[in-house]
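Below is query-v1.cif, which holds mmCIF, C-alpha atoms and all ligand atoms.
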data_query
loop_
_atom_site.label_atom_id
_atom_site.label_comp_id
_atom_site.auth_asym_id
_atom_site.auth_seq_id
_atom_site.Cartn_x
_atom_site.Cartn_y
_atom_site.Cartn_z
CA MET A 780 108.63 146.70 -1.03
CA THR A 781 109.65 144.38 1.80
CA GLY A 782 107.94 143.88 5.09
CA ILE A 783 104.76 142.14 3.93
CA GLY A 784 103.90 139.58 6.57
CA SER A 785 106.67 140.75 8.89
CA GLN A 786 104.18 141.13 11.77
CA GLN A 787 103.94 137.42 12.51
CA ALA A 788 107.02 136.13 10.75
CA VAL A 789 107.24 132.37 10.54
CA VAL A 790 110.28 132.25 8.26
CA SER A 791 112.89 134.98 7.99
CA ALA A 792 116.23 135.29 6.26
CA ARG A 793 118.63 137.98 7.44
CA GLY A 794 121.26 138.88 4.90
CA ILE A 795 121.93 135.35 3.74
CA SER A 796 124.59 134.59 1.17
CA HIS A 797 125.62 131.15 0.06
CA ARG A 798 128.45 129.61 -1.93
CA LEU A 799 128.72 126.28 -3.68
CA SER A 800 131.84 125.01 -5.43
CA GLY A 801 133.45 128.41 -4.86
CA ARG A 802 130.63 130.29 -6.62
CA LYS A 803 128.27 132.73 -4.96
CA ILE A 804 124.81 131.20 -5.36
CA LEU A 805 122.80 133.54 -3.11
CA ASP A 806 123.74 137.15 -2.52
CA ASP A 807 122.62 139.00 0.61
CA ILE A 808 118.95 138.03 0.72
CA SER A 809 116.70 139.31 3.48
CA LEU A 810 113.01 138.52 3.68
CA SER A 811 110.30 137.67 6.12
CA PHE A 812 107.23 135.54 5.43
CA GLY A 813 104.14 135.42 7.64
CA ALA A 814 101.39 132.89 8.30
CA GLY A 815 98.61 132.86 5.71
CA GLU A 816 100.75 134.31 2.94
CA VAL A 817 100.95 132.62 -0.45
CA VAL A 818 104.33 133.47 -1.93
CA GLY A 819 105.43 132.78 -5.49
CA LEU A 820 109.16 132.28 -5.91
CA ILE A 821 110.14 133.10 -9.47
CA GLY A 822 113.29 133.47 -11.53
CA PRO A 823 115.15 131.87 -14.42
CA GLY A 824 116.45 128.29 -14.17
CA GLY A 825 119.59 128.17 -12.05
CA SER A 826 118.91 131.54 -10.42
CA GLY A 827 118.90 130.15 -6.87
CA LYS A 828 115.27 129.36 -5.99
CA THR A 829 115.94 125.83 -4.77
CA GLN A 830 119.05 126.89 -2.88
CA LEU A 831 117.10 129.68 -1.19
CA ILE A 832 114.39 127.20 -0.20
CA ARG A 833 117.04 124.83 1.17
CA CYS A 834 118.42 127.63 3.33
CA LEU A 835 114.96 128.74 4.53
CA VAL A 836 114.00 125.24 5.67
CA THR A 837 117.47 124.60 7.19
CA LEU A 838 118.47 121.77 4.87
CA THR A 839 121.51 123.92 4.07
CA TRP A 840 123.25 126.43 6.32
CA PRO A 841 124.06 129.65 4.46
CA TRP A 842 127.71 130.63 4.78
CA LYS A 843 126.70 134.13 5.81
CA GLY A 844 123.61 135.58 7.50
CA GLY A 845 120.95 133.87 9.55
CA ILE A 846 117.59 132.12 9.37
CA GLU A 847 114.76 132.45 11.86
CA LEU A 848 111.94 129.93 12.07
CA PHE A 849 108.86 130.76 14.13
CA GLY A 850 110.72 133.70 15.65
CA LYS A 851 113.76 131.68 16.72
CA THR A 852 117.28 132.02 15.36
CA VAL A 853 117.98 128.50 14.16
CA SER A 854 121.77 128.63 14.49
CA VAL A 855 121.51 128.81 18.28
CA LEU A 856 118.71 126.31 18.73
CA ARG A 857 119.33 123.05 20.50
CA ARG A 858 118.96 119.97 18.32
CA ARG A 859 115.61 119.04 19.90
CA HIS A 860 114.11 122.50 19.30
CA LEU A 861 115.43 122.60 15.75
CA LYS A 862 113.78 119.23 15.15
CA GLU A 863 110.50 120.63 16.49
CA CYS A 864 110.73 123.63 14.14
CA ARG A 865 111.52 121.37 11.20
CA SER A 866 108.57 119.12 12.00
CA ARG A 867 106.28 122.10 11.29
CA ILE A 868 107.67 122.52 7.78
CA GLY A 869 106.71 120.48 4.72
CA LEU A 870 108.82 120.57 1.58
CA GLN A 871 107.95 119.05 -1.76
CA PHE A 872 111.39 118.49 -3.20
CA GLN A 873 112.05 119.39 -6.82
CA ASN A 874 113.19 115.80 -7.46
CA PHE A 875 110.21 114.33 -5.45
CA ALA A 876 112.54 112.58 -2.92
CA LEU A 877 110.20 109.62 -2.51
CA PHE A 878 111.50 106.53 -0.76
CA ASP A 879 111.69 103.79 -3.41
CA TYR A 880 111.43 101.04 -0.81
CA LEU A 881 108.20 102.39 0.69
CA ASP A 882 104.74 102.17 -0.83
CA VAL A 883 102.62 105.28 -1.46
CA TRP A 884 100.84 105.11 1.91
CA ASN A 885 104.14 104.95 3.80
CA ASN A 886 105.71 107.70 1.70
CA VAL A 887 102.84 110.06 2.43
CA ALA A 888 102.64 109.00 6.08
CA PHE A 889 106.38 109.41 6.66
CA PRO A 890 106.34 112.92 8.22
CA LEU A 891 103.30 112.04 10.32
CA LEU A 892 104.85 108.85 11.68
CA HIS A 893 108.36 110.19 12.18
CA ALA A 894 108.28 113.96 12.69
CA ARG A 895 104.87 114.02 14.42
CA ALA A 896 105.14 110.64 16.15
CA MET A 897 101.57 109.65 15.14
CA SER A 898 100.47 106.04 15.25
CA ARG A 899 99.68 104.32 11.94
CA GLU A 900 95.99 104.44 12.89
CA GLN A 901 96.13 108.21 13.51
CA ALA A 902 98.01 108.80 10.25
CA ASP A 903 95.63 106.76 8.10
CA ALA A 904 92.81 109.33 7.72
CA PRO A 905 95.03 112.34 6.78
CA VAL A 906 97.06 110.16 4.39
CA ARG A 907 93.96 108.89 2.58
CA LEU A 908 92.44 112.37 2.47
CA ALA A 909 95.60 113.86 0.95
CA LEU A 910 95.79 111.07 -1.64
CA GLU A 911 92.17 111.62 -2.52
CA ARG A 912 92.87 115.35 -2.86
CA VAL A 913 95.63 114.76 -5.40
CA GLY A 914 93.52 112.20 -7.28
CA LEU A 915 95.50 109.16 -6.17
CA ALA A 916 92.99 107.34 -3.96
CA GLY A 917 93.52 103.60 -4.34
CA THR A 918 97.26 103.78 -4.99
CA GLU A 919 98.22 103.31 -1.32
CA SER A 920 100.01 100.00 -1.81
CA LYS A 921 101.82 100.88 -5.05
CA PHE A 922 105.54 101.58 -5.06
CA PRO A 923 107.08 104.69 -6.68
CA SER A 924 108.58 102.54 -9.47
CA GLU A 925 105.02 101.58 -10.49
CA LEU A 926 103.92 105.22 -10.93
CA SER A 927 104.32 107.71 -13.75
CA GLY A 928 106.42 110.85 -13.21
CA GLY A 929 103.26 112.94 -12.79
CA MET A 930 101.87 110.51 -10.21
CA ARG A 931 105.14 110.54 -8.25
CA ARG A 932 104.97 114.33 -8.20
CA ARG A 933 101.42 114.16 -6.84
CA VAL A 934 102.53 111.72 -4.12
CA ALA A 935 105.24 114.21 -3.12
CA ILE A 936 102.59 116.96 -2.96
CA ALA A 937 100.23 114.73 -0.95
CA ARG A 938 103.05 114.09 1.54
CA VAL A 939 103.23 117.83 2.27
CA MET A 940 99.44 118.29 2.39
CA ALA A 941 98.80 115.29 4.68
CA ALA A 942 100.96 116.82 7.39
CA THR A 943 99.20 120.25 7.18
CA PRO A 944 102.46 121.96 8.10
CA ALA A 945 102.68 125.57 9.32
CA VAL A 946 105.02 126.16 6.38
CA ALA A 947 104.32 124.33 3.11
CA VAL A 948 106.90 124.69 0.35
CA PHE A 949 106.38 123.34 -3.16
CA ASP A 950 109.50 123.39 -5.30
CA ASP A 951 108.68 123.12 -8.99
CA PRO A 952 105.41 121.19 -8.54
CA VAL A 953 104.54 121.06 -12.24
CA ALA A 954 107.92 120.72 -13.96
CA GLY A 955 107.78 118.41 -16.93
CA LEU A 956 104.04 117.79 -16.67
CA ASP A 957 101.67 118.00 -19.59
CA PRO A 958 99.38 121.08 -19.59
CA VAL A 959 96.33 119.18 -18.32
CA ASN A 960 98.13 117.72 -15.29
CA SER A 961 99.94 120.99 -14.75
CA ALA A 962 96.61 122.81 -14.58
CA LYS A 963 95.21 120.19 -12.20
CA ILE A 964 98.14 120.50 -9.80
CA MET A 965 98.13 124.28 -9.80
CA ALA A 966 94.36 124.19 -9.12
CA LEU A 967 95.07 121.84 -6.24
CA LEU A 968 97.66 124.21 -4.81
CA LYS A 969 95.24 127.09 -5.24
CA ASP A 970 92.61 125.18 -3.27
CA TYR A 971 95.18 124.19 -0.62
CA ALA A 972 96.45 127.75 -0.25
CA ALA A 973 92.91 129.15 -0.03
CA THR A 974 91.84 126.72 2.68
CA SER A 975 95.04 126.69 4.72
CA GLU A 976 96.22 129.21 7.28
CA SER A 977 99.83 128.21 6.76
CA LEU A 978 102.54 129.99 4.89
CA VAL A 979 102.59 128.52 1.38
CA VAL A 980 105.62 129.04 -0.87
CA VAL A 981 105.52 127.87 -4.48
CA ALA A 982 108.50 127.96 -6.87
CA THR A 983 107.56 127.33 -10.47
CA HIS A 984 108.08 128.52 -14.03
CA ASP A 985 104.32 128.27 -14.68
CA LEU A 986 103.75 131.97 -13.95
CA GLU A 987 100.42 132.03 -15.75
CA ARG A 988 98.91 129.77 -13.09
CA LEU A 989 101.16 130.84 -10.22
CA LEU A 990 100.52 134.58 -10.16
CA PRO A 991 96.72 134.39 -9.69
CA ILE A 992 97.10 132.23 -6.57
CA THR A 993 99.80 134.31 -4.86
CA SER A 994 99.57 137.45 -2.78
CA ARG A 995 103.28 138.08 -2.92
CA VAL A 996 106.14 137.43 -5.31
CA VAL A 997 109.85 137.07 -4.64
CA ALA A 998 112.04 137.19 -7.76
CA ILE A 999 115.54 135.71 -7.64
CA PHE A 1000 117.90 136.50 -10.50
CA GLY A 1001 121.49 135.33 -10.46
CA GLY A 1002 121.28 134.74 -6.71
CA LYS A 1003 120.01 138.26 -5.99
CA MET A 1004 116.53 139.17 -4.86
CA LEU A 1005 115.35 141.72 -7.41
CA TYR A 1006 111.75 141.96 -6.22
CA ASP A 1007 109.84 141.21 -3.05
CA GLY A 1008 106.37 142.65 -3.01
CA ALA A 1009 102.69 142.33 -3.78
CA THR A 1010 101.79 140.26 -6.83
CA GLY A 1011 99.49 143.05 -8.00
CA ALA A 1012 102.39 145.52 -8.12
CA LEU A 1013 104.82 143.17 -9.89
CA MET A 1014 104.39 144.62 -13.38
CA THR A 1015 104.58 148.22 -12.21
CA GLN A 1016 107.12 148.09 -9.36
CA ALA A 1017 109.55 145.31 -10.27
CA PRO A 1018 112.80 146.14 -12.10
CA GLU A 1019 112.77 145.98 -15.89
CA GLU A 1020 114.63 142.66 -15.96
CA VAL A 1021 111.96 140.98 -13.83
CA ARG A 1022 109.09 142.49 -15.79
CA ARG A 1023 110.66 141.31 -19.04
CA PHE A 1024 111.05 137.81 -17.62
CA VAL A 1025 107.44 137.73 -16.41
CA ALA A 1026 106.10 139.08 -19.70
CA ALA A 1027 108.09 136.49 -21.67
CA ALA A 1028 106.93 133.67 -19.38
CA LEU A 1029 103.30 134.75 -19.64
CA SER A 1030 103.45 134.94 -23.41
CA GLY A 1031 105.03 131.49 -23.54
CA GLU A 1032 108.25 132.80 -25.06
CA ALA A 1033 111.74 132.31 -23.73
CA ASP A 1034 113.63 135.56 -23.21
CA PRO A 1035 116.86 135.15 -25.20
CA ASP A 1036 118.60 137.89 -23.24
CA LEU A 1037 118.16 136.19 -19.90
CA GLU A 1038 121.29 134.70 -18.45
CA ALA A 1039 120.69 132.08 -15.79
CA GLY A 1040 123.36 131.43 -13.24
CA GLY A 1041 124.90 132.36 -9.92
CA ALA A 1042 125.78 135.68 -8.43
CA ALA A 1043 129.51 135.34 -9.02
N1 LIG B 1 125.46 120.92 -5.43
C1 LIG B 1 125.80 121.99 -6.14
N2 LIG B 1 127.11 122.31 -6.35
C2 LIG B 1 127.45 123.42 -7.03
N3 LIG B 1 126.55 124.29 -7.56
C3 LIG B 1 125.26 124.01 -7.40
C4 LIG B 1 124.82 122.84 -6.69
N4 LIG B 1 123.45 122.85 -6.68
C5 LIG B 1 123.09 123.95 -7.37
N5 LIG B 1 124.16 124.64 -7.79
C6 LIG B 1 124.15 125.89 -8.55
O1 LIG B 1 123.42 126.84 -7.79
C7 LIG B 1 122.73 127.72 -8.65
C8 LIG B 1 121.30 127.83 -8.20
O2 LIG B 1 120.69 126.56 -8.38
P1 LIG B 1 119.18 126.29 -7.98
O3 LIG B 1 118.98 124.82 -8.06
O4 LIG B 1 118.88 126.96 -6.70
O5 LIG B 1 118.41 127.04 -9.17
P2 LIG B 1 116.84 127.15 -9.40
O6 LIG B 1 116.51 128.60 -9.47
O7 LIG B 1 116.11 126.31 -8.42
O8 LIG B 1 116.70 126.53 -10.87
P3 LIG B 1 115.46 125.69 -11.53
O9 LIG B 1 114.43 126.72 -11.92
O10 LIG B 1 116.08 125.05 -12.71
O11 LIG B 1 114.98 124.72 -10.52
C9 LIG B 1 122.91 127.20 -10.06
O12 LIG B 1 123.89 127.98 -10.69
C10 LIG B 1 123.41 125.79 -9.87
O13 LIG B 1 124.26 125.42 -10.90
MG MG B 2 114.99 124.64 -8.51
#
Could you write out this structure as structure tokens?
Ligand SMILES: Nc1ncnc2c1ncn2[C@@H]1O[C@H](COP(=O)(O)OP(=O)(O)OP(=O)(O)O)[C@@H](O)[C@H]1O
Ligand SMILES: [Mg+2]
Amino acid sequence: MTGIGSQQAVVSARGISHRLSGRKILDDISLSFGAGEVVGLIGPGGSGKTQLIRCLVTLTWPWKGGIELFGKTVSVLRRRHLKECRSRIGLQFQNFALFDYLDVWNNVAFPLLHARAMSREQADAPVRLALERVGLAGTESKFPSELSGGMRRRVAIARVMAATPAVAVFDDPVAGLDPVNSAKIMALLKDYAATSESLVVVATHDLERLLPITSRVVAIFGGKMLYDGATGALMTQAPEEVRRFVAAALSGEADPDLEAGGAA
């Protein structure tokens, strides 16, 4: 079940567990993602997807276990090397995390200017291309407060795409969007994943659009990884609980038996 992509691992977790406010949020998760994989991260609300992402990209240090980025154990890396590793990762935060005081161009350019040390001239073409890709050409000088929620989400996605990172993580890219915009964004991610050689990780509840674009699915339930394997084998190999969740999500029904929450 595990081991897909383990040949050229770019992100690995070795037995990570994490606690917040005294509660176990992640419980002994081990996985290894390789370049070129498109991974769907699924699970009920509050199951630990965002916290797992935060650990994988080293925004949070798990209280137990270790993370490796590009084959290096991050806990022993010097600050400069850790910064280099992080500069190769792009994360679209669930809450967008745009800078209110910067216009759209500067929000999208931020990783290029700061993590990649590009000049404004060098950053201009990739920024405009990414904005065009997400359908926001012409909004360069607008501020986040002048944009709708859906537009802000697309700016956050453009910020990841502009930097063409080795690891691109999209956390809940379509939450709260209407079906038309949701479809547009998932199509955009599909196109990005198909044309990129990076590792792409997408966490979303829109399983209907997620599953066709992924090669691999990781299911997190109550902080535990219940499935890590090929998307095609999900409905035959995953545990009953996961299959029930997927079936309910695909039929548009909530599963009343599902309990979200930590791994306490
Ligand atoms: N800062 C925090 N302090 C305490 N508990 C937290 C904190 N942030 C998250 N949690 C808890 O960690 C658990 C996992 O949360 P997480 O945000 O990873 O869920 P998720 O799977 O991303 O959910 P969603 O699908 O709604 O985005 C939840 O039980 C949540 O209440
Ligand atoms: Mg989340």
(message) Using all atoms listed in the file, can you tell me which of A:Pro952, A:Gly815, A:Gly827, A:Gly850 comes closest to Val790 in chain A?
(response)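 The answer is A:Gly850, which sits nearest to Val790 in chain A.
Residue neighbourhood of range 860-875 of chain A, excluding near-sequence residues (fewer than 3 positions): Leu856, Arg857, Ala894, Arg932, Ala935, Ile936, Val939, Pro944, Ala945, Val946, Ala947, Val948, Phe949, Asp950 and Asp951 of chain A, at 6 Å, using all atoms listed in the file.
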Surrounding residues as a JSON list (two decimals) with C-alpha atoms, keeping the file's coordinate frame, ligand MG 2 (chain B), max 10 Å, only C-alpha atoms and all ligand atoms:
[["chain", "number", "residue", "atom", "x", "y", "z"],
["A", 820, "LEU", "CA", 109.16, 132.28, -5.91],
["A", 821, "ILE", "CA", 110.14, 133.10, -9.47],
["A", 822, "GLY", "CA", 113.29, 133.47, -11.53],
["A", 823, "PRO", "CA", 115.15, 131.87, -14.42],
["A", 824, "GLY", "CA", 116.45, 128.29, -14.17],
["A", 825, "GLY", "CA", 119.59, 128.17, -12.05],
["A", 826, "SER", "CA", 118.91, 131.54, -10.42],
["A", 827, "GLY", "CA", 118.90, 130.15, -6.87],
["A", 828, "LYS", "CA", 115.27, 129.36, -5.99],
["A", 829, "THR", "CA", 115.94, 125.83, -4.77],
["A", 830, "GLN", "CA", 119.05, 126.89, -2.88],
["A", 831, "LEU", "CA", 117.10, 129.68, -1.19],
["A", 832, "ILE", "CA", 114.39, 127.20, -0.20],
["A", 833, "ARG", "CA", 117.04, 124.83, 1.17],
["A", 872, "PHE", "CA", 111.39, 118.49, -3.20],
["A", 873, "GLN", "CA", 112.05, 119.39, -6.82],
["A", 874, "ASN", "CA", 113.19, 115.80, -7.46],
["A", 950, "ASP", "CA", 109.50, 123.39, -5.30],
["A", 951, "ASP", "CA", 108.68, 123.12, -8.99],
["A", 954, "ALA", "CA", 107.92, 120.72, -13.96],
["A", 982, "ALA", "CA", 108.50, 127.96, -6.87],
["A", 983, "THR", "CA", 107.56, 127.33, -10.47],
["A", 984, "HIS", "CA", 108.08, 128.52, -14.03]]
(request) Could you please determine the separation between CA of Pro890 in chain A and CA of Ala902 in chain A in Å, to one decimal place? (result) 9.5 Å
(request) Would you mind listing what lies within 8 Å of Val1021 in chain A as a PyMOL selection string, with only C-alpha atoms counted and same-chain residues fewer than 6 positions away left out? (result) chain A and resi 822+998+1005-1006
(message) So, with all atoms listed in the file as the atoms that count, which of A:Ile795, A:Trp840, A:Arg938, A:Ser800 lies closest to ligand LIG 1 (chain B)?
(response) A:Ser800
(request) May I have the residues within 6 Å of range 883-889 of chain A as a list in words, using only C-alpha atoms and disregarding those fewer than 3 positions away in the same chain? (result)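 With the cut-off at 6 Å, the set is Leu892, His893, Val906, Glu919, Ser920, Lys921, Phe922 and Arg938 of chain A.
Here CA of Val853 in chain A and CA of Gly1001 in chain A stand 25.8 Å from one another.
Distance annotation: of A:Lys1003, A:Arg933, A:Arg858, A:Lys969, the residue with the minimal separation from ligand LIG 1 (chain B) is A:Lys1003; atom set is all atoms listed in the file.
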Atoms kept (C-alpha atoms) for range 999-1027 of chain A, as a CSV table (one decimal), in the first residue's frame:
chain,number,residue,atom,x,y,z
A,999,ILE,CA,-6.5,10.9,7.2
A,1000,PHE,CA,-9.2,10.0,9.7
A,1001,GLY,CA,-9.0,11.2,13.3
A,1002,GLY,CA,-5.3,11.9,12.9
A,1003,LYS,CA,-4.6,8.4,11.6
A,1004,MET,CA,-3.6,7.5,8.1
A,1005,LEU,CA,-6.1,4.9,7.0
A,1006,TYR,CA,-5.1,4.6,3.4
A,1007,ASP,CA,-2.1,5.4,1.3
A,1008,GLY,CA,-2.2,4.0,-2.2
A,1009,ALA,CA,-3.2,4.2,-5.8
A,1010,THR,CA,-6.4,6.2,-6.5
A,1011,GLY,CA,-7.6,3.4,-8.8
A,1012,ALA,CA,-7.5,0.9,-5.8
A,1013,LEU,CA,-9.2,3.3,-3.3
A,1014,MET,CA,-12.6,1.7,-3.5
A,1015,THR,CA,-11.3,-1.9,-3.4
A,1016,GLN,CA,-8.4,-1.6,-1.0
A,1017,ALA,CA,-9.2,1.1,1.4
A,1018,PRO,CA,-10.8,0.3,4.8
A,1019,GLU,CA,-14.6,0.3,5.0
A,1020,GLU,CA,-14.7,3.7,6.8
A,1021,VAL,CA,-12.8,5.4,4.0
A,1022,ARG,CA,-14.8,3.8,1.3
A,1023,ARG,CA,-18.0,4.9,3.0
A,1024,PHE,CA,-16.7,8.4,3.3
A,1025,VAL,CA,-15.7,8.5,-0.4
A,1026,ALA,CA,-19.0,7.1,-1.5
A,1027,ALA,CA,-20.9,9.6,0.6
